[in-house]
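Dumped final-v3.csv below, it's CSV, C-alpha atoms:
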chain,number,residue,atom,x,y,z
Y,26,MET,CA,0.0,0.0,0.0
Y,27,GLU,CA,2.8,2.4,0.8
Y,28,GLU,CA,4.2,2.3,-2.7
Y,29,LEU,CA,0.8,2.9,-4.1
Y,30,LYS,CA,0.3,6.0,-1.8
Y,31,GLU,CA,3.7,7.3,-3.0
Y,32,LYS,CA,2.8,6.9,-6.7
Y,33,VAL,CA,-0.6,8.6,-6.2
Y,34,LYS,CA,1.0,11.4,-4.2
Y,35,GLN,CA,3.4,12.1,-7.0
Y,36,ALA,CA,0.8,12.0,-9.6
Y,37,LEU,CA,-1.3,14.5,-7.7
Y,38,GLU,CA,1.6,16.8,-6.9
Y,39,THR,CA,2.8,16.9,-10.5
Y,40,GLY,CA,-0.7,17.5,-11.7
Y,41,THR,CA,-0.9,14.3,-13.8
Y,42,ILE,CA,-4.2,13.8,-12.1
Y,43,SER,CA,-6.6,16.3,-10.6
Y,44,GLY,CA,-8.0,13.8,-8.1
Y,45,PHE,CA,-7.7,10.2,-7.0
Y,46,LEU,CA,-10.6,7.9,-6.2
Y,47,GLY,CA,-9.8,5.3,-3.7
Y,48,LEU,CA,-11.2,3.5,-0.6
Y,49,LYS,CA,-10.4,4.8,2.9
Y,50,ASN,CA,-10.7,3.2,6.3
Y,51,GLU,CA,-11.7,5.8,8.8
Y,52,GLY,CA,-12.5,4.7,12.3
Y,53,GLY,CA,-13.1,1.1,11.1
Y,54,HIS,CA,-15.5,2.1,8.4
Y,55,VAL,CA,-14.6,1.7,4.7
Y,56,SER,CA,-15.9,4.2,2.1
Y,57,PRO,CA,-14.9,5.6,-1.3
Y,58,TYR,CA,-13.2,9.0,-1.2
Y,59,LEU,CA,-11.6,11.5,-3.4
Y,60,VAL,CA,-8.1,12.8,-2.7
Y,61,THR,CA,-6.9,16.1,-4.3
Y,62,ARG,CA,-4.0,18.3,-3.7
Y,63,ASP,CA,-6.0,20.0,-1.0
Y,64,ASN,CA,-6.3,16.9,1.2
Y,65,LEU,CA,-3.2,14.9,0.4
Y,66,ASP,CA,-2.8,13.9,4.1
Y,67,GLU,CA,-6.0,11.8,3.7
Y,68,LEU,CA,-4.0,9.5,1.4
Y,69,GLU,CA,-2.8,7.8,4.7
Y,70,LEU,CA,-6.3,6.3,5.1
Y,71,LEU,CA,-6.1,4.4,1.8
Y,72,THR,CA,-7.0,0.8,2.3
Y,73,LEU,CA,-7.6,-2.5,0.5
Y,74,GLU,CA,-10.1,-4.8,2.3
Y,75,ASP,CA,-12.9,-7.2,1.6
Y,76,LYS,CA,-15.3,-4.2,1.8
Y,77,ARG,CA,-15.8,-3.1,-1.8
Y,78,TYR,CA,-17.6,-0.4,-3.7
Y,79,PRO,CA,-18.3,0.1,-7.5
Y,80,LEU,CA,-15.4,2.5,-8.0
Y,81,ALA,CA,-15.8,2.4,-11.8
Y,82,LYS,CA,-19.4,3.7,-11.4
Y,83,ILE,CA,-18.4,6.3,-8.9
Y,84,LEU,CA,-15.6,7.4,-11.1
Y,85,GLY,CA,-18.2,7.8,-13.9
Y,86,ARG,CA,-20.3,10.1,-11.7
Y,87,ILE,CA,-17.3,12.3,-10.9
Y,88,ALA,CA,-16.1,12.4,-14.5
Y,89,ALA,CA,-19.6,13.3,-15.7
Y,90,LYS,CA,-19.4,16.5,-13.6
Y,91,HIS,CA,-15.8,17.2,-14.5
Y,92,PRO,CA,-15.2,15.9,-18.0
Y,93,GLU,CA,-12.1,18.0,-18.6
Y,94,LYS,CA,-10.2,16.7,-15.5
Y,95,THR,CA,-8.0,13.6,-15.5
Y,96,LEU,CA,-8.8,11.4,-12.6
Y,97,GLY,CA,-6.8,8.6,-11.0
Y,98,VAL,CA,-8.5,5.5,-9.6
Y,99,MET,CA,-7.5,2.6,-7.5
Y,100,VAL,CA,-8.3,-0.6,-9.5
Y,101,ARG,CA,-8.5,-4.2,-8.4
Y,102,GLY,CA,-9.1,-6.9,-11.0
Y,103,CYS,CA,-12.9,-6.4,-10.7
Y,104,ASP,CA,-12.6,-2.5,-10.9
Y,105,GLU,CA,-10.6,-2.8,-14.0
Y,106,LYS,CA,-13.1,-5.1,-15.7
Y,107,ALA,CA,-15.9,-2.7,-14.9
Y,108,ILE,CA,-13.9,0.2,-16.3
Y,109,ILE,CA,-13.3,-1.7,-19.5
Y,110,GLU,CA,-17.0,-2.4,-19.9
Y,111,LEU,CA,-17.8,1.3,-19.2
Y,112,LEU,CA,-15.2,2.3,-21.8
Y,113,LYS,CA,-16.8,0.0,-24.3
Y,114,ALA,CA,-20.1,1.7,-23.7
Y,115,ASN,CA,-18.6,5.2,-24.0
Y,116,GLN,CA,-19.4,5.9,-20.3
Y,117,LEU,CA,-15.8,6.8,-19.5
Y,118,ASP,CA,-13.1,8.6,-21.5
Y,119,GLU,CA,-9.9,6.5,-21.7
Y,120,LYS,CA,-7.8,9.7,-22.0
Y,121,ARG,CA,-9.0,11.0,-18.7
Y,122,ILE,CA,-8.4,8.0,-16.5
Y,123,VAL,CA,-5.2,6.9,-14.9
Y,124,ARG,CA,-5.5,3.5,-13.3
Y,125,PHE,CA,-3.4,2.5,-10.2
Y,126,GLY,CA,-3.5,-1.3,-10.2
Y,127,VAL,CA,-3.6,-3.2,-6.9
Y,128,ALA,CA,-3.4,-7.0,-6.7
Y,129,CYS,CA,-5.6,-8.6,-4.1
Y,130,THR,CA,-4.2,-10.9,-1.4
Y,131,GLN,CA,-5.0,-14.7,-1.4
Y,132,GLN,CA,-7.3,-14.1,1.5
Y,133,LEU,CA,-9.2,-11.4,-0.4
Y,134,ALA,CA,-9.4,-13.5,-3.5
Y,135,GLU,CA,-10.9,-16.4,-1.5
Y,136,LYS,CA,-13.3,-14.1,0.4
Y,137,CYS,CA,-14.6,-12.7,-2.9
Y,138,ARG,CA,-14.5,-16.1,-4.8
Y,139,CYS,CA,-12.7,-14.1,-7.5
Y,140,PRO,CA,-11.3,-15.7,-10.7
Y,141,THR,CA,-9.0,-12.8,-11.5
Y,142,PRO,CA,-7.9,-10.9,-8.3
Y,143,TYR,CA,-5.4,-8.7,-10.2
Y,144,PRO,CA,-5.5,-6.0,-12.9
Y,145,THR,CA,-3.4,-6.1,-16.1
Y,146,GLN,CA,-1.0,-3.5,-14.7
Y,147,ILE,CA,0.0,-3.9,-11.0
Y,148,ASP,CA,1.3,-0.9,-9.1
Y,149,ALA,CA,1.1,-2.5,-5.7
Y,150,GLY,CA,0.6,-6.0,-4.4
Y,151,GLU,CA,1.5,-9.5,-5.6
Y,152,LYS,CA,-0.5,-11.4,-8.2
Y,153,VAL,CA,-2.2,-14.5,-6.7
Y,154,LYS,CA,-4.1,-17.3,-8.2
Y,155,GLY,CA,-7.9,-16.8,-8.5
Y,156,VAL,CA,-10.7,-19.0,-7.3
Y,157,THR,CA,-12.3,-20.9,-10.2
Y,158,THR,CA,-14.6,-23.3,-8.4
Y,159,ASP,CA,-18.1,-22.4,-7.6
Y,160,GLU,CA,-19.8,-24.8,-5.1
Y,161,LEU,CA,-23.3,-23.4,-5.3
Y,162,LEU,CA,-23.3,-23.4,-9.1
Y,163,SER,CA,-22.1,-27.0,-9.2
Y,164,GLN,CA,-24.9,-28.0,-6.7
Y,165,ILE,CA,-27.5,-26.3,-8.8
Y,166,GLU,CA,-26.3,-27.8,-12.1
Y,167,GLN,CA,-26.7,-31.2,-10.5
Y,168,MET,CA,-30.4,-30.6,-9.7
Y,169,ALA,CA,-33.2,-31.8,-11.9
Y,170,VAL,CA,-34.8,-29.0,-13.9
Y,171,ASP,CA,-38.0,-28.9,-11.8
Y,172,ASP,CA,-36.0,-28.6,-8.6
Y,173,ARG,CA,-33.9,-25.9,-10.2
Y,174,LEU,CA,-37.0,-23.9,-11.0
Y,175,ARG,CA,-38.4,-24.3,-7.6
Y,176,TYR,CA,-35.1,-23.3,-6.1
Y,177,TRP,CA,-34.9,-20.1,-8.1
Y,178,LEU,CA,-38.6,-19.1,-7.6
Y,179,ASN,CA,-38.0,-19.6,-3.9
Y,180,GLN,CA,-34.9,-17.4,-4.0
Y,181,PHE,CA,-36.6,-14.6,-6.0
Y,182,GLY,CA,-39.5,-14.8,-3.7
Y,183,LYS,CA,-37.3,-13.2,-1.0
Y,184,CYS,CA,-36.8,-10.1,-3.0
Y,185,ILE,CA,-37.9,-6.8,-1.4
Y,186,LYS,CA,-37.4,-4.8,-4.6
Y,187,CYS,CA,-34.8,-2.5,-3.1
Y,188,TYR,CA,-33.0,-2.1,-6.4
Y,189,GLY,CA,-29.8,-2.6,-4.5
Y,190,CYS,CA,-28.4,-5.1,-7.1
Y,191,ARG,CA,-29.0,-2.5,-9.8
Y,192,ASN,CA,-27.8,0.5,-7.9
Y,193,ILE,CA,-24.5,-1.1,-6.8
Y,194,CYS,CA,-23.7,-2.8,-10.1
Y,195,PRO,CA,-20.7,-1.0,-11.6
Y,196,VAL,CA,-21.8,-1.7,-15.2
Y,197,CYS,CA,-25.4,-0.6,-14.8
Y,198,TYR,CA,-25.5,2.8,-16.4
Y,199,CYS,CA,-28.8,3.2,-18.1
Y,200,THR,CA,-30.6,6.4,-17.2
Y,201,GLU,CA,-33.9,4.8,-18.1
Y,202,CYS,CA,-33.8,1.4,-16.5
Y,203,ALA,CA,-36.0,-1.4,-17.8
Y,204,LEU,CA,-36.6,-2.5,-14.2
Y,205,GLU,CA,-38.4,0.8,-13.5
Y,206,ASP,CA,-40.6,0.5,-16.6
Y,207,ARG,CA,-44.1,0.0,-15.2
Y,208,LEU,CA,-45.2,-1.9,-18.3
Y,209,LEU,CA,-42.4,-4.5,-17.7
Y,210,VAL,CA,-42.4,-4.5,-14.0
Y,211,PRO,CA,-45.8,-3.6,-12.4
Y,212,GLY,CA,-45.6,-1.4,-9.4
Y,213,GLY,CA,-46.8,-2.1,-5.9
Y,214,LYS,CA,-45.8,-5.7,-5.5
Y,215,ILE,CA,-43.4,-7.3,-3.1
Y,216,PRO,CA,-41.9,-9.5,-4.2
Y,217,PRO,CA,-41.9,-8.2,-7.7
Y,218,ASP,CA,-43.3,-10.5,-10.4
Y,219,THR,CA,-41.1,-13.5,-10.1
Y,220,PRO,CA,-39.1,-14.5,-12.1
Y,221,VAL,CA,-39.7,-11.5,-14.5
Y,222,PHE,CA,-37.9,-8.9,-12.4
Y,223,HIS,CA,-34.8,-10.9,-11.9
Y,224,LEU,CA,-34.7,-12.3,-15.5
Y,225,ILE,CA,-35.0,-8.8,-16.9
Y,226,LYS,CA,-31.9,-7.9,-14.9
Y,227,ALA,CA,-30.2,-11.1,-15.8
Y,228,CYS,CA,-30.8,-10.5,-19.5
Y,229,HIS,CA,-29.3,-7.1,-19.3
Y,230,MET,CA,-26.3,-8.5,-17.5
Y,231,ILE,CA,-25.5,-11.1,-20.2
Y,232,GLU,CA,-23.0,-9.0,-22.1
Y,233,ARG,CA,-21.7,-6.9,-19.3
Y,234,CYS,CA,-21.6,-8.7,-16.0
Y,235,ILE,CA,-18.0,-8.8,-14.8
Y,236,ASP,CA,-18.6,-11.2,-11.9
Y,237,CYS,CA,-17.6,-8.7,-9.2
Y,238,GLY,CA,-20.3,-10.0,-6.8
Y,239,LEU,CA,-21.3,-6.6,-5.6
Y,240,CYS,CA,-24.9,-7.4,-6.3
Y,241,GLU,CA,-24.9,-10.4,-4.0
Y,242,GLN,CA,-23.1,-8.3,-1.4
Y,243,ALA,CA,-25.8,-5.6,-1.6
Y,244,CYS,CA,-28.8,-7.9,-1.6
Y,245,PRO,CA,-30.6,-7.6,1.8
Y,246,ALA,CA,-32.4,-10.9,1.1
Y,247,GLY,CA,-29.2,-12.9,0.3
Y,248,ILE,CA,-30.4,-14.0,-3.2
Y,249,PRO,CA,-27.5,-15.8,-5.0
Y,250,LEU,CA,-27.6,-13.4,-7.9
Y,251,ARG,CA,-23.9,-13.8,-8.8
Y,252,THR,CA,-24.5,-17.5,-9.4
Y,253,ILE,CA,-27.1,-16.8,-12.2
Y,254,TYR,CA,-24.9,-14.2,-13.9
Y,255,ARG,CA,-21.9,-16.5,-13.6
Y,256,LYS,CA,-23.8,-19.3,-15.4
Y,257,MET,CA,-24.8,-16.9,-18.1
Y,258,GLY,CA,-21.2,-15.8,-18.4
Y,259,GLN,CA,-20.1,-19.4,-18.9
Y,260,VAL,CA,-22.7,-19.9,-21.6
Y,261,MET,CA,-21.6,-16.7,-23.4
Y,262,ASN,CA,-18.0,-17.8,-23.2
Y,263,LYS,CA,-18.8,-21.3,-24.5
Y,264,LEU,CA,-20.9,-20.1,-27.4
Y,265,PHE,CA,-19.1,-16.9,-28.5
Y,266,ASN,CA,-15.8,-17.0,-26.7
Y,267,TYR,CA,-16.8,-13.6,-25.2
Y,268,VAL,CA,-15.9,-12.5,-21.7
Y,269,PRO,CA,-17.0,-9.1,-20.5
Y,270,GLY,CA,-14.2,-7.0,-19.0
Y,271,ARG,CA,-11.4,-8.8,-20.8
Y,272,ALA,CA,-10.5,-6.2,-23.4
Y,273,VAL,CA,-12.0,-2.9,-24.7
Y,274,GLU,CA,-11.6,-4.1,-28.3
Y,275,GLU,CA,-13.7,-7.2,-27.6
Y,276,LYS,CA,-17.1,-6.2,-28.7
Y,277,SER,CA,-20.2,-8.1,-27.4
Y,278,PRO,CA,-21.6,-10.5,-30.0
Y,279,LEU,CA,-25.1,-9.4,-28.9
Y,280,GLY,CA,-24.5,-5.9,-30.2
Y,281,ALA,CA,-22.7,-6.9,-33.4
Y,282,LEU,CA,-24.7,-7.0,-36.6
Y,283,GLU,CA,-22.0,-8.8,-38.5
Y,284,GLU,CA,-21.9,-11.9,-40.5
Y,285,ARG,CA,-19.0,-13.3,-38.7
Y,286,THR,CA,-20.8,-13.9,-35.4
Y,287,LYS,CA,-21.3,-17.6,-35.4
Y,288,VAL,CA,-22.9,-19.8,-32.8
Y,289,ALA,CA,-20.4,-22.6,-32.0
V,11,MET,CA,-25.5,4.5,4.8
V,12,TYR,CA,-23.2,7.1,3.4
V,13,LEU,CA,-24.3,10.2,1.5
V,14,GLU,CA,-22.3,10.6,-1.7
V,15,VAL,CA,-21.2,14.2,-1.7
V,16,LEU,CA,-19.5,15.8,-4.7
V,17,ASP,CA,-18.5,19.5,-4.8
V,18,GLY,CA,-20.6,20.1,-1.7
V,19,GLU,CA,-23.7,18.6,-3.2
V,20,VAL,CA,-25.4,15.4,-2.2
V,21,ILE,CA,-25.7,13.3,-5.3
V,22,GLY,CA,-26.5,9.8,-4.0
V,23,VAL,CA,-26.4,7.2,-1.4
V,24,LEU,CA,-24.0,4.3,-0.8
V,25,PRO,CA,-24.4,1.5,1.7
V,26,THR,CA,-22.0,1.1,4.6
V,27,VAL,CA,-20.5,-2.3,3.8
V,28,SER,CA,-18.5,-2.3,7.1
V,29,HIS,CA,-21.6,-1.8,9.2
V,30,PRO,CA,-21.8,-4.6,11.7
V,31,VAL,CA,-25.6,-4.8,11.7
V,32,ASN,CA,-26.9,-4.1,8.2
V,33,GLN,CA,-23.6,-5.2,6.5
V,34,GLY,CA,-24.2,-2.9,3.5
V,35,ALA,CA,-27.9,-3.8,2.9
V,36,LEU,CA,-30.3,-0.9,2.2
V,37,CYS,CA,-34.0,-0.9,1.5
V,38,ILE,CA,-35.5,1.2,-1.3
V,39,LYS,CA,-36.1,4.1,1.0
V,40,GLY,CA,-32.5,4.0,2.1
V,41,TRP,CA,-31.2,4.0,-1.4
V,42,ASN,CA,-33.2,7.1,-2.2
V,43,ALA,CA,-32.8,8.9,1.1
V,44,HIS,CA,-30.9,11.7,-0.7
V,45,GLU,CA,-33.6,12.6,-3.2
V,46,PHE,CA,-35.6,14.9,-1.0
V,47,ILE,CA,-32.7,16.9,0.2
V,48,SER,CA,-32.5,19.3,-2.8
V,49,SER,CA,-36.1,18.9,-3.9
V,50,ASP,CA,-37.7,22.1,-5.0
V,51,LYS,CA,-41.0,20.9,-3.4
V,52,ARG,CA,-39.5,21.5,0.0
V,53,LEU,CA,-41.0,24.3,2.0
V,54,LYS,CA,-38.8,27.3,2.6
V,55,LYS,CA,-41.2,29.3,4.8
V,56,PRO,CA,-43.8,28.3,7.3
V,57,LEU,CA,-47.3,28.2,5.7
V,58,MET,CA,-50.6,28.7,7.6
V,59,LYS,CA,-54.1,28.2,6.4
V,60,LYS,CA,-55.9,31.5,6.3
V,61,ASN,CA,-59.2,32.2,4.5
V,62,GLY,CA,-59.2,28.7,2.9
V,63,GLY,CA,-55.7,29.1,1.5
V,64,PHE,CA,-52.1,28.8,2.6
V,65,SER,CA,-50.2,32.0,3.2
V,66,GLU,CA,-46.6,32.5,4.3
V,67,VAL,CA,-46.1,33.4,7.9
V,68,SER,CA,-43.2,34.1,10.2
V,69,TRP,CA,-41.7,31.3,12.3
V,70,GLU,CA,-42.8,33.1,15.5
V,71,GLU,CA,-46.4,33.2,14.3
V,72,ALA,CA,-46.3,29.5,13.2
V,73,ILE,CA,-44.7,28.1,16.3
V,74,GLY,CA,-46.8,30.4,18.6
V,75,TYR,CA,-50.1,29.4,17.0
V,76,THR,CA,-49.1,25.7,17.0
V,77,ALA,CA,-48.1,25.8,20.7
V,78,LYS,CA,-51.3,27.7,21.6
V,79,GLU,CA,-53.6,25.2,19.8
V,80,LEU,CA,-51.8,22.1,21.1
V,81,LYS,CA,-52.1,23.4,24.6
V,82,ARG,CA,-55.8,24.2,24.1
V,83,VAL,CA,-56.6,20.8,22.7
V,84,ARG,CA,-54.7,19.1,25.4
V,85,ASP,CA,-56.3,21.1,28.2
V,86,GLN,CA,-59.8,20.8,26.7
V,87,TYR,CA,-59.9,17.2,25.5
V,88,GLY,CA,-57.0,15.5,27.4
V,89,PRO,CA,-53.5,14.6,26.3
V,90,ASP,CA,-54.6,11.3,24.5
V,91,SER,CA,-56.7,13.4,22.1
V,92,ILE,CA,-53.4,14.2,20.3
V,93,GLY,CA,-51.5,11.9,18.1
V,94,VAL,CA,-48.0,12.5,16.6
V,95,LEU,CA,-46.6,11.0,13.4
V,96,THR,CA,-42.8,11.1,12.9
V,97,SER,CA,-41.0,10.6,9.6
V,98,ALA,CA,-38.3,8.5,7.9
V,99,LYS,CA,-37.0,11.7,6.4
V,100,CYS,CA,-36.0,12.9,9.9
V,101,THR,CA,-32.8,12.0,11.6
V,102,ASN,CA,-32.9,9.6,14.6
V,103,GLU,CA,-32.2,12.6,16.8
V,104,GLU,CA,-35.2,14.6,15.5
V,105,ASN,CA,-37.5,11.5,16.0
V,106,TYR,CA,-36.2,11.1,19.5
V,107,LEU,CA,-36.9,14.8,20.2
V,108,LEU,CA,-40.5,14.4,18.9
V,109,MET,CA,-40.9,11.3,21.1
V,110,LYS,CA,-39.8,13.2,24.2
V,111,PHE,CA,-42.0,16.1,23.3
V,112,THR,CA,-45.0,13.8,22.8
V,113,ARG,CA,-44.5,11.9,26.1
V,114,ALA,CA,-43.0,14.5,28.4
V,115,VAL,CA,-44.6,17.7,27.1
V,116,LEU,CA,-48.0,16.6,25.6
V,117,GLY,CA,-48.3,13.7,28.1
V,118,THR,CA,-49.5,11.0,25.7
V,119,ASN,CA,-48.1,7.7,24.3
V,120,ASN,CA,-49.8,8.4,20.9
V,121,ILE,CA,-46.6,8.5,18.9
V,122,ASP,CA,-46.1,6.5,15.7
V,123,HIS,CA,-44.2,6.5,12.5
V,124,CYS,CA,-45.1,7.2,8.9
V,125,ALA,CA,-43.7,3.7,8.0
V,126,ARG,CA,-46.6,2.2,9.8
V,127,LEU,CA,-49.2,4.1,7.9
Take the structure from the file and write it as C-alpha cells.
Amino acid sequence: MEELKEKVKQALETGTISGFLGLKNEGGHVSPYLVTRDNLDELELLTLEDKRYPLAKILGRIAAKHPEKTLGVMVRGCDEKAIIELLKANQLDEKRIVRFGVACTQQLAEKCRCPTPYPTQIDAGEKVKGVTTDELLSQIEQMAVDDRLRYWLNQFGKCIKCYGCRNICPVCYCTECALEDRLLVPGGKIPPDTPVFHLIKACHMIERCIDCGLCEQACPAGIPLRTIYRKMGQVMNKLFNYVPGRAVEEKSPLGALEERTKVA
Amino acid sequence: MYLEVLDGEVIGVLPTVSHPVNQGALCIKGWNAHEFISSDKRLKKPLMKKNGGFSEVSWEEAIGYTAKELKRVRDQYGPDSIGVLTSAKCTNEENYLLMKFTRAVLGTNNIDHCARL
C-alpha cells in the first residue's frame, strides 16, 4: 500500500491527475473517497479490504461532472473489468483516466471467490491465483430442472425490490432502466413479479456482467444473484468466446450485426 | 449508509458495507434517502391556512399558533386526544426529540411513525 500511496501522491503533486478515487478506512469504516492536492494527508487512510464499492461507477459520476479533468482511480481486478466495460459503452473517457492497479491478497481472493484478483498492470501487491470453483453453481447444475425452477422461484420470492443489485452494479449505467418500466415490472408488488424482475436484470447482464459479486453483497435478502450471472457468463464464453471486461476491443456478440458472429 | 457528496452537493447514497448490523444492505427508502434533500418541493417558509388558502407566515407566528392550539386541545380534551406521526425523512435525533415532546410535554403515548401508515 505504501508504494501505491507514493505513486498517487506524486501523480497528484505533479498535476498528472486532478483527483484520486480510492477507498479509505476511517475509524473502522470503509468508504470511497476523493483525494486532491487540498487533502493529500488523507492518502494515509487508503485501504484494500474485503469491503468493496463500485469504483468504476463512482468514477463515472465524478467524470460526468468534471469531464475536462484527468482522474486517478485505485483498481483491483474487478474494478478494471468494470472500467473496461464502461469504456466499451462510452461511459468513460480513456484519455481522462489513470489506473493505479492493486493486486488482491490470497485471503481477499478467496473471500470474494474471485477468478482474477489482479488488474493487467499492477502498481502494488503481488499477483495470486484466482478461485475458479463455484460450489453453489455445481450444486444447482446437478439438480433436476423442476428442482432448479423451484429453487430459483423460492430465492426470487425473498426479493424486497430495493433495487440494490441494480444500484450497486458498476456496469449498470442506463438512465432509463427497464426495471423501472411499469409496463415490464408492475408497481406495488413485493416480491416483484417472479421470475420476471430478476430475469430482466439477468438478460441485461448477459454481455456486461464482470462477476464482481457486488450485487450479491448488496442484496438484503441474500439471493445468490452472482450464481445466475456466472452461469450466463459461462454460456456466453462457451458459445461466443466472449468474456466481459477482458479487453476494450472485444465487442459483445449481442451488439454486433456482423456476418462473422457464429454460434459454436 | 453514506451520503455521496461531490462539490458540496449530495448526489447519491452508498451502503455502509462495514456496518456490523446491516452489512451494507439498504431498502429502497435507504437507497433514495438523498432525493428529497434538494427537492424544490421542500417548503422554505412556514405556511398557515388563512381564509381557505395557505399563506406564508413568520416562524414566530407559526410556532406560537401551534403551541397555543396544542395546549388548548390538550387542556380541553386531554393529552390522549393528540397523536403524533414522525418521519423516515428525519434523523434519529429529530425523531427522539419528537418522542420526548409527545410523552413529556404533551403527556401522551400516541406517537407513531409514517412507515406504519
What does the distance from CA of Trp41 in chain V to CA of Arg138 in chain Y come to in Å, to one decimal?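 Spanning CA of Trp41 in chain V to CA of Arg138 in chain Y is a straight-line distance of 26.4 Å.
Compared by their closest atoms to Lys256 in chain Y, and using all atoms listed in the file, the residues Y:Ala107, Y:Ala149, Y:Ala36, Y:Ala227 rank with Y:Ala227 nearest.
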May I have a table of the residues of chain Y lying at most 6 Å from chain V, giving each one's closest pair of atoms and their distance in Å to one decimal, counting only C-alpha atoms, ordered by chain and ascending residue number, as a Markdown table?
| residue | atom | partner | partner_atom | distance |
| --- | --- | --- | --- | --- |
| Y:His54 | CA | V:Ser28 | CA | 5.5 |
| Y:Lys76 | CA | V:Val27 | CA | 5.9 |
| Y:Cys187 | CA | V:Ile38 | CA | 4.2 |
| Y:Ala243 | CA | V:Ala35 | CA | 5.3 |
| Y:Pro245 | CA | V:Ala35 | CA | 4.8 |
Tell me which of V:Ala77, V:Val31, V:Glu103, V:Leu95 sits closest to Val115 in chain V, counting all atoms listed in the file.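 Looking at the shortest contact to Val115 in chain V, the residue is V:Ala77.
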So that I can check the surroundings of Thr118 in chain V, please list as a list in words every protein, DNA and RNA residue that reaches within 8 Å of it, counting only C-alpha atoms and ignoring chain neighbours fewer than 5 positions away.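 Result of the neighbour search: Pro89, Asp90, Ile92, Gly93, Thr112 and Arg113 of chain V.
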